[in-house]
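S.K.: Okay, so here is start_5.cif, and as you'll see once you scroll down, it has mmCIF, C-alpha atoms.
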data_coords
loop_
_atom_site.group_PDB
_atom_site.id
_atom_site.type_symbol
_atom_site.label_atom_id
_atom_site.label_comp_id
_atom_site.auth_asym_id
_atom_site.auth_seq_id
_atom_site.Cartn_x
_atom_site.Cartn_y
_atom_site.Cartn_z
ATOM 1 C CA MET A 1 191.294 -18.842 201.377
ATOM 2 C CA LEU A 2 192.213 -21.837 203.520
ATOM 3 C CA LEU A 3 188.532 -22.539 204.094
ATOM 4 C CA ARG A 4 187.331 -21.926 200.554
ATOM 5 C CA ASP A 5 186.955 -25.526 199.409
ATOM 6 C CA CYS A 6 183.873 -26.013 201.602
ATOM 7 C CA LEU A 7 182.160 -23.037 199.923
ATOM 8 C CA GLU A 8 182.395 -24.144 196.322
ATOM 9 C CA ALA A 9 178.761 -25.298 196.150
ATOM 10 C CA TYR A 10 177.583 -21.720 196.750
ATOM 11 C CA ASP A 11 177.336 -18.577 194.637
ATOM 12 C CA LEU A 12 180.402 -16.819 196.056
ATOM 13 C CA ARG A 13 181.547 -13.198 195.997
ATOM 14 C CA PHE A 14 184.810 -12.006 197.469
ATOM 15 C CA ALA A 15 185.746 -8.628 198.927
ATOM 16 C CA THR A 16 189.339 -7.936 199.905
ATOM 17 C CA THR A 17 191.739 -5.096 200.610
ATOM 18 C CA ASP A 18 194.343 -6.754 198.396
ATOM 19 C CA PRO A 19 193.136 -7.942 194.968
ATOM 20 C CA ALA A 20 196.626 -9.362 194.275
ATOM 21 C CA VAL A 21 195.971 -12.046 196.898
ATOM 22 C CA ALA A 22 192.675 -12.959 195.214
ATOM 23 C CA LYS A 23 194.422 -13.165 191.851
ATOM 24 C CA GLN A 24 197.127 -15.385 193.351
ATOM 25 C CA HIS A 25 194.317 -17.810 194.235
ATOM 26 C CA GLY A 26 192.713 -17.625 190.800
ATOM 27 C CA ILE A 27 189.869 -15.235 191.665
ATOM 28 C CA GLU A 28 189.495 -12.482 189.062
ATOM 29 C CA ALA A 29 186.146 -10.899 190.001
ATOM 30 C CA VAL A 30 186.696 -9.358 193.391
ATOM 31 C CA GLU A 31 185.476 -6.252 195.216
ATOM 32 C CA THR A 32 188.285 -4.125 196.617
ATOM 33 C CA LEU A 33 187.881 -2.320 199.918
ATOM 34 C CA PRO A 34 190.264 0.378 201.156
ATOM 35 C CA ASP A 35 192.329 -0.924 204.057
ATOM 36 C CA CYS A 36 191.618 0.730 207.403
ATOM 37 C CA ASN A 37 191.904 0.316 211.152
ATOM 38 C CA GLN A 38 190.905 2.134 214.331
ATOM 39 C CA ASN A 39 193.829 4.581 213.961
ATOM 40 C CA LYS A 40 192.697 5.781 210.526
ATOM 41 C CA PRO A 41 189.275 7.381 211.029
ATOM 42 C CA VAL A 42 188.938 8.942 207.572
ATOM 43 C CA GLN A 43 189.818 5.740 205.740
ATOM 44 C CA SER A 44 187.533 3.819 208.073
ATOM 45 C CA VAL A 45 184.572 5.991 207.104
ATOM 46 C CA LEU A 46 185.399 5.577 203.396
ATOM 47 C CA CYS A 47 185.757 1.839 203.875
ATOM 48 C CA ALA A 48 182.434 1.614 205.710
ATOM 49 C CA PHE A 49 180.649 3.350 202.803
ATOM 50 C CA LYS A 50 182.370 1.153 200.236
ATOM 51 C CA ALA A 51 181.445 -1.959 202.259
ATOM 52 C CA LEU A 52 177.821 -0.832 202.362
ATOM 53 C CA TRP A 53 177.865 -0.226 198.614
ATOM 54 C CA VAL A 54 179.376 -3.666 197.932
ATOM 55 C CA VAL A 55 176.776 -5.376 200.130
ATOM 56 C CA LEU A 56 173.903 -3.443 198.523
ATOM 57 C CA LYS A 57 175.237 -4.340 195.064
ATOM 58 C CA HIS A 58 175.490 -8.097 195.685
ATOM 59 C CA ARG A 59 172.777 -8.545 198.333
ATOM 60 C CA PRO A 60 174.331 -11.684 199.848
ATOM 61 C CA ASP A 61 172.219 -14.094 201.920
ATOM 62 C CA VAL A 62 175.203 -14.903 204.131
ATOM 63 C CA ILE A 63 178.313 -12.869 204.966
ATOM 64 C CA LEU A 64 181.438 -14.518 206.370
ATOM 65 C CA SER A 65 184.416 -12.525 207.567
ATOM 66 C CA THR A 66 187.759 -13.460 209.052
ATOM 67 C CA GLY A 67 188.592 -9.797 209.613
ATOM 68 C CA ALA A 68 189.719 -7.241 209.979
ATOM 69 C CA ALA A 69 187.925 -3.855 210.131
ATOM 70 C CA PRO A 70 186.905 -3.886 206.415
ATOM 71 C CA GLY A 71 185.342 -7.324 206.863
ATOM 72 C CA TYR A 72 183.593 -6.130 209.990
ATOM 73 C CA PHE A 73 182.040 -3.235 208.046
ATOM 74 C CA CYS A 74 180.684 -5.781 205.550
ATOM 75 C CA LEU A 75 179.036 -7.663 208.423
ATOM 76 C CA LEU A 76 177.498 -4.448 209.740
ATOM 77 C CA ALA A 77 176.186 -3.604 206.262
ATOM 78 C CA GLY A 78 174.810 -7.135 206.078
ATOM 79 C CA ARG A 79 172.807 -6.546 209.236
ATOM 80 C CA LEU A 80 171.091 -3.637 207.461
ATOM 81 C CA THR A 81 170.182 -5.755 204.432
ATOM 82 C CA GLY A 82 169.057 -8.781 206.459
ATOM 83 C CA ALA A 83 171.993 -11.073 205.685
ATOM 84 C CA ARG A 84 173.034 -13.827 208.079
ATOM 85 C CA THR A 85 176.474 -12.905 209.421
ATOM 86 C CA LEU A 86 179.355 -14.972 210.819
ATOM 87 C CA TRP A 87 182.595 -13.623 212.257
ATOM 88 C CA ILE A 88 185.519 -16.073 212.226
ATOM 89 C CA ASP A 89 188.293 -14.534 214.302
ATOM 90 C CA SER A 90 191.693 -15.046 212.689
ATOM 91 C CA VAL A 91 193.794 -17.929 214.011
ATOM 92 C CA ALA A 92 196.541 -15.336 214.485
ATOM 93 C CA ASN A 93 194.637 -14.046 217.520
ATOM 94 C CA ALA A 94 195.785 -16.693 219.980
ATOM 95 C CA GLU A 95 195.953 -14.489 223.074
ATOM 96 C CA GLN A 96 192.708 -12.566 222.831
ATOM 97 C CA LEU A 97 189.922 -11.870 220.366
ATOM 98 C CA SER A 98 190.606 -9.048 217.900
ATOM 99 C CA MET A 99 188.823 -5.746 218.550
ATOM 100 C CA CYS A 100 186.376 -6.393 215.707
ATOM 101 C CA GLY A 101 185.909 -9.908 217.038
ATOM 102 C CA LYS A 102 184.833 -8.471 220.379
ATOM 103 C CA LEU A 103 182.451 -6.057 218.654
ATOM 104 C CA SER A 104 181.006 -8.872 216.552
ATOM 105 C CA LYS A 105 179.932 -10.755 219.702
ATOM 106 C CA ARG A 106 176.975 -8.418 219.821
ATOM 107 C CA THR A 107 176.639 -7.373 216.178
ATOM 108 C CA ALA A 108 177.123 -10.572 214.156
ATOM 109 C CA HIS A 109 174.708 -13.510 214.374
ATOM 110 C CA GLU A 110 177.564 -15.773 215.432
ATOM 111 C CA CYS A 111 181.170 -15.246 216.510
ATOM 112 C CA ILE A 112 183.786 -17.990 216.264
ATOM 113 C CA THR A 113 187.290 -18.092 217.734
ATOM 114 C CA GLN A 114 189.858 -20.581 216.467
ATOM 115 C CA TRP A 115 191.258 -21.112 219.985
ATOM 116 C CA LYS A 116 189.439 -23.252 222.535
ATOM 117 C CA HIS A 117 190.607 -21.191 225.516
ATOM 118 C CA LEU A 118 189.113 -17.989 224.039
ATOM 119 C CA ALA A 119 185.585 -19.415 223.774
ATOM 120 C CA ASP A 120 183.374 -18.089 226.575
ATOM 121 C CA GLY A 121 180.621 -20.715 226.500
ATOM 122 C CA ASP A 122 178.177 -18.054 225.356
ATOM 123 C CA SER A 123 178.594 -15.609 222.479
ATOM 124 C CA VAL A 124 182.119 -16.699 221.468
ATOM 125 C CA LYS A 125 182.254 -20.276 220.231
ATOM 126 C CA TYR A 126 185.057 -22.640 219.299
ATOM 127 C CA ARG A 127 184.312 -24.912 216.319
ATOM 128 C CA GLY A 128 187.771 -25.992 215.155
ATOM 129 C CA ALA A 129 190.557 -24.086 213.422
ATOM 130 C CA VAL A 130 192.309 -23.872 210.050
ATOM 131 C CA LEU A 131 195.449 -25.335 211.617
ATOM 132 C CA MET B 132 216.909 -28.837 203.112
ATOM 133 C CA ILE B 133 215.908 -27.586 206.547
ATOM 134 C CA LEU B 134 214.718 -24.018 207.027
ATOM 135 C CA VAL B 135 215.113 -22.277 210.379
ATOM 136 C CA THR B 136 213.205 -19.056 211.112
ATOM 137 C CA VAL B 137 212.815 -16.761 214.113
ATOM 138 C CA GLY B 138 210.350 -14.308 212.513
ATOM 139 C CA MET B 139 210.967 -10.721 211.534
ATOM 140 C CA GLN B 140 210.590 -8.909 214.860
ATOM 141 C CA LEU B 141 213.086 -10.239 217.382
ATOM 142 C CA GLY B 142 216.311 -12.219 217.393
ATOM 143 C CA PHE B 143 216.311 -15.644 219.027
ATOM 144 C CA ASP B 144 219.918 -16.706 219.628
ATOM 145 C CA ARG B 145 219.063 -19.769 221.721
ATOM 146 C CA LEU B 146 217.374 -21.395 218.699
ATOM 147 C CA ILE B 147 220.045 -20.246 216.219
ATOM 148 C CA GLU B 148 222.896 -21.560 218.382
ATOM 149 C CA ALA B 149 221.124 -24.866 218.987
ATOM 150 C CA MET B 150 220.501 -25.353 215.258
ATOM 151 C CA ASP B 151 224.076 -24.387 214.388
ATOM 152 C CA GLU B 152 225.251 -27.133 216.751
ATOM 153 C CA LEU B 153 222.849 -29.660 215.220
ATOM 154 C CA ALA B 154 223.447 -28.721 211.570
ATOM 155 C CA PRO B 155 226.532 -30.954 210.938
ATOM 156 C CA SER B 156 224.585 -34.040 212.094
ATOM 157 C CA LEU B 157 221.612 -33.409 209.802
ATOM 158 C CA ASP B 158 223.237 -34.435 206.497
ATOM 159 C CA MET B 159 221.468 -31.752 204.494
ATOM 160 C CA PRO B 160 221.784 -28.007 203.960
ATOM 161 C CA VAL B 161 220.332 -25.783 206.683
ATOM 162 C CA ILE B 162 219.293 -22.196 205.931
ATOM 163 C CA ALA B 163 218.513 -19.900 208.850
ATOM 164 C CA GLN B 164 216.628 -16.612 208.928
ATOM 165 C CA THR B 165 218.170 -15.256 212.116
ATOM 166 C CA GLY B 166 216.714 -11.799 212.670
ATOM 167 C CA ARG B 167 219.045 -9.518 214.582
ATOM 168 C CA SER B 168 221.482 -11.920 216.121
ATOM 169 C CA SER B 169 224.725 -11.506 218.026
ATOM 170 C CA TYR B 170 225.681 -15.116 217.328
ATOM 171 C CA GLN B 171 227.471 -15.924 214.066
ATOM 172 C CA PRO B 172 226.525 -19.428 212.809
ATOM 173 C CA ALA B 173 229.371 -21.549 211.421
ATOM 174 C CA ASN B 174 227.533 -24.625 210.133
ATOM 175 C CA MET B 175 224.546 -23.184 208.309
ATOM 176 C CA GLU B 176 223.735 -20.413 205.858
ATOM 177 C CA ALA B 177 222.501 -17.475 207.921
ATOM 178 C CA ARG B 178 220.522 -14.452 206.732
ATOM 179 C CA GLU B 179 219.024 -11.722 208.873
ATOM 180 C CA LYS B 180 215.891 -11.320 206.735
ATOM 181 C CA ILE B 181 214.268 -13.204 203.880
ATOM 182 C CA ALA B 182 211.617 -11.526 201.688
ATOM 183 C CA PRO B 183 208.145 -13.155 201.919
ATOM 184 C CA SER B 184 208.096 -14.458 198.329
ATOM 185 C CA GLU B 185 211.525 -16.058 198.659
ATOM 186 C CA PHE B 186 210.614 -17.385 202.083
ATOM 187 C CA GLU B 187 207.598 -19.125 200.582
ATOM 188 C CA GLU B 188 209.832 -20.663 197.875
ATOM 189 C CA LEU B 189 212.236 -21.910 200.552
ATOM 190 C CA VAL B 190 209.377 -23.432 202.572
ATOM 191 C CA LYS B 191 208.315 -25.355 199.456
ATOM 192 C CA GLN B 192 211.831 -26.724 199.066
ATOM 193 C CA SER B 193 212.219 -27.607 202.762
ATOM 194 C CA ARG B 194 211.600 -31.014 204.245
ATOM 195 C CA VAL B 195 211.144 -29.533 207.709
ATOM 196 C CA ILE B 196 210.878 -26.022 209.159
ATOM 197 C CA VAL B 197 212.280 -25.259 212.605
ATOM 198 C CA SER B 198 210.732 -22.096 213.988
ATOM 199 C CA HIS B 199 209.874 -19.927 216.953
ATOM 200 C CA ALA B 200 206.161 -20.327 217.780
ATOM 201 C CA GLY B 201 204.894 -17.635 215.403
ATOM 202 C CA ILE B 202 201.401 -18.251 214.052
ATOM 203 C CA GLY B 203 202.262 -16.732 210.660
ATOM 204 C CA THR B 204 204.979 -19.317 210.086
ATOM 205 C CA VAL B 205 202.737 -22.151 211.299
ATOM 206 C CA LEU B 206 200.069 -21.075 208.792
ATOM 207 C CA THR B 207 202.590 -20.919 205.920
ATOM 208 C CA ALA B 208 203.928 -24.375 206.814
ATOM 209 C CA GLN B 209 200.408 -25.779 206.983
ATOM 210 C CA ARG B 210 199.380 -24.195 203.688
ATOM 211 C CA LEU B 211 202.395 -25.700 201.954
ATOM 212 C CA SER B 212 202.069 -29.065 203.776
ATOM 213 C CA THR B 213 205.514 -28.820 205.320
ATOM 214 C CA PRO B 214 206.099 -30.296 208.794
ATOM 215 C CA ILE B 215 207.123 -27.696 211.369
ATOM 216 C CA VAL B 216 209.040 -28.038 214.629
ATOM 217 C CA LEU B 217 208.169 -25.250 217.074
ATOM 218 C CA PHE B 218 210.601 -24.063 219.739
ATOM 219 C CA PRO B 219 208.820 -21.421 221.849
ATOM 220 C CA ARG B 220 210.449 -18.174 222.966
ATOM 221 C CA ARG B 221 210.603 -17.953 226.734
ATOM 222 C CA TYR B 222 209.974 -15.016 228.994
ATOM 223 C CA ASP B 223 212.515 -16.211 231.596
ATOM 224 C CA PHE B 224 215.275 -16.028 228.949
ATOM 225 C CA GLY B 225 214.141 -12.529 227.906
ATOM 226 C CA GLU B 226 213.069 -13.807 224.487
ATOM 227 C CA HIS B 227 209.623 -12.204 224.493
ATOM 228 C CA ARG B 228 207.515 -9.865 226.596
ATOM 229 C CA ASN B 229 205.543 -12.779 228.088
ATOM 230 C CA ASP B 230 205.130 -16.557 227.786
ATOM 231 C CA HIS B 231 202.426 -16.559 225.105
ATOM 232 C CA GLN B 232 204.553 -18.694 222.753
ATOM 233 C CA VAL B 233 204.671 -21.454 225.375
ATOM 234 C CA ALA B 234 200.870 -21.213 225.687
ATOM 235 C CA THR B 235 200.530 -21.274 221.899
ATOM 236 C CA VAL B 236 202.548 -24.476 221.463
ATOM 237 C CA ARG B 237 200.559 -26.175 224.247
ATOM 238 C CA ASN B 238 197.421 -25.375 222.245
ATOM 239 C CA LEU B 239 198.945 -26.604 218.991
ATOM 240 C CA GLU B 240 200.384 -29.830 220.381
ATOM 241 C CA GLY B 241 199.074 -32.905 218.581
ATOM 242 C CA ARG B 242 197.950 -31.161 215.372
ATOM 243 C CA PRO B 243 199.055 -32.930 212.215
ATOM 244 C CA GLY B 244 202.406 -31.758 210.919
ATOM 245 C CA VAL B 245 203.142 -29.690 214.061
ATOM 246 C CA LEU B 246 205.886 -30.909 216.421
ATOM 247 C CA ILE B 247 206.916 -29.215 219.650
ATOM 248 C CA ALA B 248 210.349 -28.959 221.284
ATOM 249 C CA PHE B 249 210.073 -27.295 224.686
ATOM 250 C CA GLU B 250 213.761 -27.802 225.430
ATOM 251 C CA GLN B 251 216.873 -27.616 223.297
ATOM 252 C CA GLN B 252 217.614 -31.339 223.861
ATOM 253 C CA GLU B 253 214.284 -32.229 222.226
ATOM 254 C CA LEU B 254 215.091 -30.505 218.922
ATOM 255 C CA ALA B 255 217.043 -33.353 217.302
ATOM 256 C CA GLY B 256 214.295 -35.893 218.040
ATOM 257 C CA ARG B 257 211.499 -33.644 216.789
ATOM 258 C CA ILE B 258 213.403 -32.827 213.598
ATOM 259 C CA ALA B 259 213.876 -36.565 212.958
ATOM 260 C CA GLU B 260 210.111 -37.071 213.421
ATOM 261 C CA GLY B 261 209.443 -34.179 211.051
ATOM 262 C CA LEU B 262 211.689 -35.724 208.398
ATOM 263 C CA GLU B 263 209.674 -38.944 208.674
ATOM 264 C CA LEU B 264 206.478 -36.959 208.105
ATOM 265 C CA ALA B 265 207.943 -35.167 205.113
ATOM 266 C CA SER B 266 207.599 -38.291 203.017
ATOM 267 C CA THR B 267 203.952 -38.852 203.925
ATOM 268 C CA ARG B 268 202.606 -35.248 203.834
ATOM 269 C CA ALA B 269 199.909 -34.953 206.485
ATOM 270 C CA ALA B 270 196.216 -35.271 205.655
ATOM 271 C CA LEU B 271 193.549 -32.613 206.252
ATOM 272 C CA SER B 272 193.634 -31.335 209.812
ATOM 273 C CA PRO B 273 190.625 -32.612 211.809
ATOM 274 C CA THR B 274 190.091 -29.179 213.374
ATOM 275 C CA LYS B 275 189.919 -27.635 209.894
ATOM 276 C CA ALA B 276 187.283 -30.161 208.828
ATOM 277 C CA GLN B 277 185.346 -29.299 212.008
ATOM 278 C CA LEU B 278 185.504 -25.558 211.287
ATOM 279 C CA GLN B 279 184.401 -26.074 207.684
ATOM 280 C CA SER B 280 181.404 -28.143 208.735
ATOM 281 C CA ALA B 281 180.423 -25.432 211.250
ATOM 282 C CA ILE B 282 180.550 -22.851 208.431
ATOM 283 C CA VAL B 283 178.431 -24.962 206.090
ATOM 284 C CA SER B 284 175.952 -25.565 208.904
ATOM 285 C CA PHE B 285 175.790 -21.794 209.527
ATOM 286 C CA ILE B 286 175.089 -21.130 205.847
ATOM 287 C CA GLU B 287 172.406 -23.802 205.646
ATOM 288 C CA THR B 288 170.681 -23.429 209.015
ATOM 289 C CA GLY B 289 172.029 -20.372 210.824
ATOM 290 C CA ASN B 290 173.308 -22.591 213.643
ATOM 291 C CA ILE B 291 176.905 -23.502 214.316
#
Render the structure in this file as structure tokens.
M.R.:
Amino acid sequence: MLLRDCLEAYDLRFATTDPAVAKQHGIEAVETLPDCNQNKPVQSVLCAFKALWVVLKHRPDVILSTGAAPGYFCLLAGRLTGARTLWIDSVANAEQLSMCGKLSKRTAHECITQWKHLADGDSVKYRGAVL
Amino acid sequence: MILVTVGMQLGFDRLIEAMDELAPSLDMPVIAQTGRSSYQPANMEAREKIAPSEFEELVKQSRVIVSHAGIGTVLTAQRLSTPIVLFPRRYDFGEHRNDHQVATVRNLEGRPGVLIAFEQQELAGRIAEGLELASTRAALSPTKAQLQSAIVSFIETGNI
């Protein structure tokens, strides 16, 4: 949401685990994904299917995600449909990349950290931060 | 008003005591979210927890926030354009499991609207600087502009 103003020129679709947050920011049309993490295998599988369905429905050219697992599933689904995918690791991860961030090094087209010291000069890049 | 917060997980008596000492000299109300604290403040309104929605309201009303170096609070302050003074928890005082808050503030130093007090004696000065900023409300962070241009470049060209 903090980065949204640079995206206004594009045809945007949002997917979230919490539609109340979208509404708070004035976004009514939003896809809802079930929340999940590595400790909830059943929900993760459901979420992965829902993410695939959402991506197949909208067929985005580009997928951006700031996390967490539900966003990562959208990126994976995007790889299947040929979308260009960018992982932006949350600024909250100041000590190390999130688990999905680490996975996205190899699975997303690009992976960004918001902390200079976490960039590795190769697959993890630093290009500024929301702060 | 000045809002003091130590986050929801751990107490942070060193910050609460320091702010309680400073409060009478600040000439405005001070509200502190103290977490679990053994120290009982005398010069400011102290509450163990504040619900997120009320916290957000209080941030909007504050001229400066004084906080432990929690990223969540920094983000809230930034979103609501409120200057924030960060006082990191220290491992050697048993305030956290390691010194990541000290590392965090080193990385945040110099960003607009973010002021750092490494030592208790620096708090008063940083708060005064924050109060100066409160009237000018910081402009867009340069690192945010950089990140946004990287995103637009990714969308347009695939390169960042």
S.K.: Tell me which protein, DNA and RNA residues are within 9 Å of B:Phe143, counting all atoms listed in the file, leaving out same-chain ones fewer than 3 positions away, and put them as a PyMOL selection string.
M.R.: chain B and resi 137-138+146-148+165-168+199+220+226
S.K.: Report as a PDB file with C-alpha atoms, in the coordinates of the input all protein, DNA and RNA residues lying within 7 Å of stretch 229-237 of chain B, evaluated on all atoms listed in the file, omitting residues in the same chain fewer than 6 positions from it.
M.R.:
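Okay, this is what ended up in selection_16.pdb:
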ATOM      1  CA  ALA A  94     195.785 -16.693 219.980  1.00  0.00           C
TER       2      ALA A  94
ATOM      3  CA  ALA B 200     206.161 -20.327 217.780  1.00  0.00           C
ATOM      4  CA  PRO B 219     208.820 -21.421 221.849  1.00  0.00           C
ATOM      5  CA  ARG B 220     210.449 -18.174 222.966  1.00  0.00           C
ATOM      6  CA  ARG B 221     210.603 -17.953 226.734  1.00  0.00           C
ATOM      7  CA  TYR B 222     209.974 -15.016 228.994  1.00  0.00           C
ATOM      8  CA  ILE B 247     206.916 -29.215 219.650  1.00  0.00           C
TER       9      ILE B 247
END
S.K.: One decimal, in Å: what's the spacing between atom CA of B:Ala177 and atom CA of B:Thr136?
M.R.: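 According to the coordinates, atom CA of B:Ala177 and atom CA of B:Thr136 are separated by 10.0 Å.
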S.K.: Report the residues retrieved by the PyMOL selection byres ((chain B) within 10 of (chain A)) from the displayed file, expressed as a tab-separated table (two decimals) with C-alpha atoms, keeping the file's coordinate frame.
M.R.:
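Saved to result.tsv:
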chain	number	residue	atom	x	y	z
B	201	GLY	CA	204.89	-17.64	215.40
B	202	ILE	CA	201.40	-18.25	214.05
B	203	GLY	CA	202.26	-16.73	210.66
B	205	VAL	CA	202.74	-22.15	211.30
B	206	LEU	CA	200.07	-21.08	208.79
B	208	ALA	CA	203.93	-24.38	206.81
B	209	GLN	CA	200.41	-25.78	206.98
B	210	ARG	CA	199.38	-24.20	203.69
B	231	HIS	CA	202.43	-16.56	225.10
B	232	GLN	CA	204.55	-18.69	222.75
B	234	ALA	CA	200.87	-21.21	225.69
B	235	THR	CA	200.53	-21.27	221.90
B	238	ASN	CA	197.42	-25.38	222.24
B	239	LEU	CA	198.94	-26.60	218.99
B	242	ARG	CA	197.95	-31.16	215.37
B	243	PRO	CA	199.06	-32.93	212.22
B	244	GLY	CA	202.41	-31.76	210.92
B	245	VAL	CA	203.14	-29.69	214.06
B	271	LEU	CA	193.55	-32.61	206.25
B	272	SER	CA	193.63	-31.34	209.81
B	273	PRO	CA	190.62	-32.61	211.81
B	274	THR	CA	190.09	-29.18	213.37
B	275	LYS	CA	189.92	-27.64	209.89
B	276	ALA	CA	187.28	-30.16	208.83
B	277	GLN	CA	185.35	-29.30	212.01
B	278	LEU	CA	185.50	-25.56	211.29
B	279	GLN	CA	184.40	-26.07	207.68
B	280	SER	CA	181.40	-28.14	208.74
B	281	ALA	CA	180.42	-25.43	211.25
B	282	ILE	CA	180.55	-22.85	208.43
B	283	VAL	CA	178.43	-24.96	206.09
B	285	PHE	CA	175.79	-21.79	209.53
B	286	ILE	CA	175.09	-21.13	205.85
B	287	GLU	CA	172.41	-23.80	205.65
B	288	THR	CA	170.68	-23.43	209.02
B	289	GLY	CA	172.03	-20.37	210.82
B	290	ASN	CA	173.31	-22.59	213.64
B	291	ILE	CA	176.90	-23.50	214.32
S.K.: What separation in Å, quoted to one decimal, exists between atom CA of B:Val216 and atom CA of A:Asp89?
M.R.: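 Pair atom CA of B:Val216 / atom CA of A:Asp89 returns 24.8 Å.
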S.K.: Which residues match the PyMOL selection byres ((chain A and resi 54) around 10) in the file above, as JSON, numbers by chain?
M.R.: {"A": [13, 14, 15, 31, 32, 33, 48, 49, 50, 51, 52, 53, 55, 56, 57, 58, 59, 60, 74, 77, 78]}
S.K.: Export C-alpha atoms of the chosen residues as a compact mmCIF listing (two decimals), in the frame of the given file?
M.R.:
# COMPACT_ATOMS: atom_id res chain seq x y z
CA ARG A 13 181.55 -13.20 196.00
CA PHE A 14 184.81 -12.01 197.47
CA ALA A 15 185.75 -8.63 198.93
CA GLU A 31 185.48 -6.25 195.22
CA THR A 32 188.28 -4.12 196.62
CA LEU A 33 187.88 -2.32 199.92
CA ALA A 48 182.43 1.61 205.71
CA PHE A 49 180.65 3.35 202.80
CA LYS A 50 182.37 1.15 200.24
CA ALA A 51 181.44 -1.96 202.26
CA LEU A 52 177.82 -0.83 202.36
CA TRP A 53 177.86 -0.23 198.61
CA VAL A 55 176.78 -5.38 200.13
CA LEU A 56 173.90 -3.44 198.52
CA LYS A 57 175.24 -4.34 195.06
CA HIS A 58 175.49 -8.10 195.68
CA ARG A 59 172.78 -8.54 198.33
CA PRO A 60 174.33 -11.68 199.85
CA CYS A 74 180.68 -5.78 205.55
CA ALA A 77 176.19 -3.60 206.26
CA GLY A 78 174.81 -7.14 206.08
S.K.: What is the atom CA of A:Glu8 to atom CA of A:Ser98 distance in Å?
M.R.: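 Interatomic distance, atom CA of A:Glu8 to atom CA of A:Ser98: 27.6 Å.
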S.K.: Just need the box for stretch 271-281 of chain B, edges along x, y and z, holding every atom the file lists for it with 3 Å tacked onto each side, so centre and edge lengths in Å to one decimal, as AutoDock Vina command-line options.
M.R.:
--center_x 187.0 --center_y -29.0 --center_z 209.8 --size_x 19.2 --size_y 13.2 --size_z 13.1
S.K.: Taking all atoms listed in the file into account, which of B:Thr204, B:Gln171, B:Gln251, B:Gln192 comes nearest B:Ala265?
M.R.: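 Checking each candidate against B:Ala265, we get B:Gln192 as the closest.
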S.K.: Once the PyMOL selection byres ((chain A and resi 70) around 7) is applied to the coordinates I shared, what remains selected? I want it as a list of chain:residue names.
M.R.: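 For this structure, the PyMOL selection byres ((chain A and resi 70) around 7) resolves to A:Leu33, A:Asp35, A:Cys36, A:Cys47, A:Gly67, A:Ala68, A:Ala69, A:Gly71, A:Tyr72, A:Phe73, A:Cys74.
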S.K.: Could you pull the residues within 10 Å of B:Leu246, counting only C-alpha atoms, minus those fewer than 2 positions along the same chain, as a PDB file with C-alpha atoms, keeping the file's coordinate frame?
M.R.:
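Just written: result.pdb:
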ATOM      1  CA  VAL B 197     212.280 -25.259 212.605  1.00  0.00           C
ATOM      2  CA  PRO B 214     206.099 -30.296 208.794  1.00  0.00           C
ATOM      3  CA  ILE B 215     207.123 -27.696 211.369  1.00  0.00           C
ATOM      4  CA  VAL B 216     209.040 -28.038 214.629  1.00  0.00           C
ATOM      5  CA  LEU B 217     208.169 -25.250 217.074  1.00  0.00           C
ATOM      6  CA  PHE B 218     210.601 -24.063 219.739  1.00  0.00           C
ATOM      7  CA  VAL B 236     202.548 -24.476 221.463  1.00  0.00           C
ATOM      8  CA  LEU B 239     198.945 -26.604 218.991  1.00  0.00           C
ATOM      9  CA  GLU B 240     200.384 -29.830 220.381  1.00  0.00           C
ATOM     10  CA  GLY B 241     199.074 -32.905 218.581  1.00  0.00           C
ATOM     11  CA  ARG B 242     197.950 -31.161 215.372  1.00  0.00           C
ATOM     12  CA  PRO B 243     199.055 -32.930 212.215  1.00  0.00           C
ATOM     13  CA  GLY B 244     202.406 -31.758 210.919  1.00  0.00           C
ATOM     14  CA  ALA B 248     210.349 -28.959 221.284  1.00  0.00           C
ATOM     15  CA  PHE B 249     210.073 -27.295 224.686  1.00  0.00           C
ATOM     16  CA  LEU B 254     215.091 -30.505 218.922  1.00  0.00           C
ATOM     17  CA  GLY B 256     214.295 -35.893 218.040  1.00  0.00           C
ATOM     18  CA  ARG B 257     211.499 -33.644 216.789  1.00  0.00           C
ATOM     19  CA  ILE B 258     213.403 -32.827 213.598  1.00  0.00           C
ATOM     20  CA  GLU B 260     210.111 -37.071 213.421  1.00  0.00           C
ATOM     21  CA  GLY B 261     209.443 -34.179 211.051  1.00  0.00           C
TER      22      GLY B 261
END
S.K.: Using only C-alpha atoms and a cutoff of 6 Å, can you tell me which residues are near (186.2, -12.8, 191.8) in the file's coordinates, and write them out as a ChimeraX atom specification?
M.R.: /A:14,27-30
S.K.: Which residues are near B:Thr207? Cut-off 9 Å, all atoms listed in the file, ignore same chain within fewer than 6 positions. Put them as a PyMOL selection string.
M.R.: chain B and resi 187+190+213
S.K.: Between B:Leu141, B:Ala154, B:Leu189, B:Ile162, which residue has the minimum interatomic distance to B:Glu176, considering only C-alpha atoms?
M.R.: B:Ile162
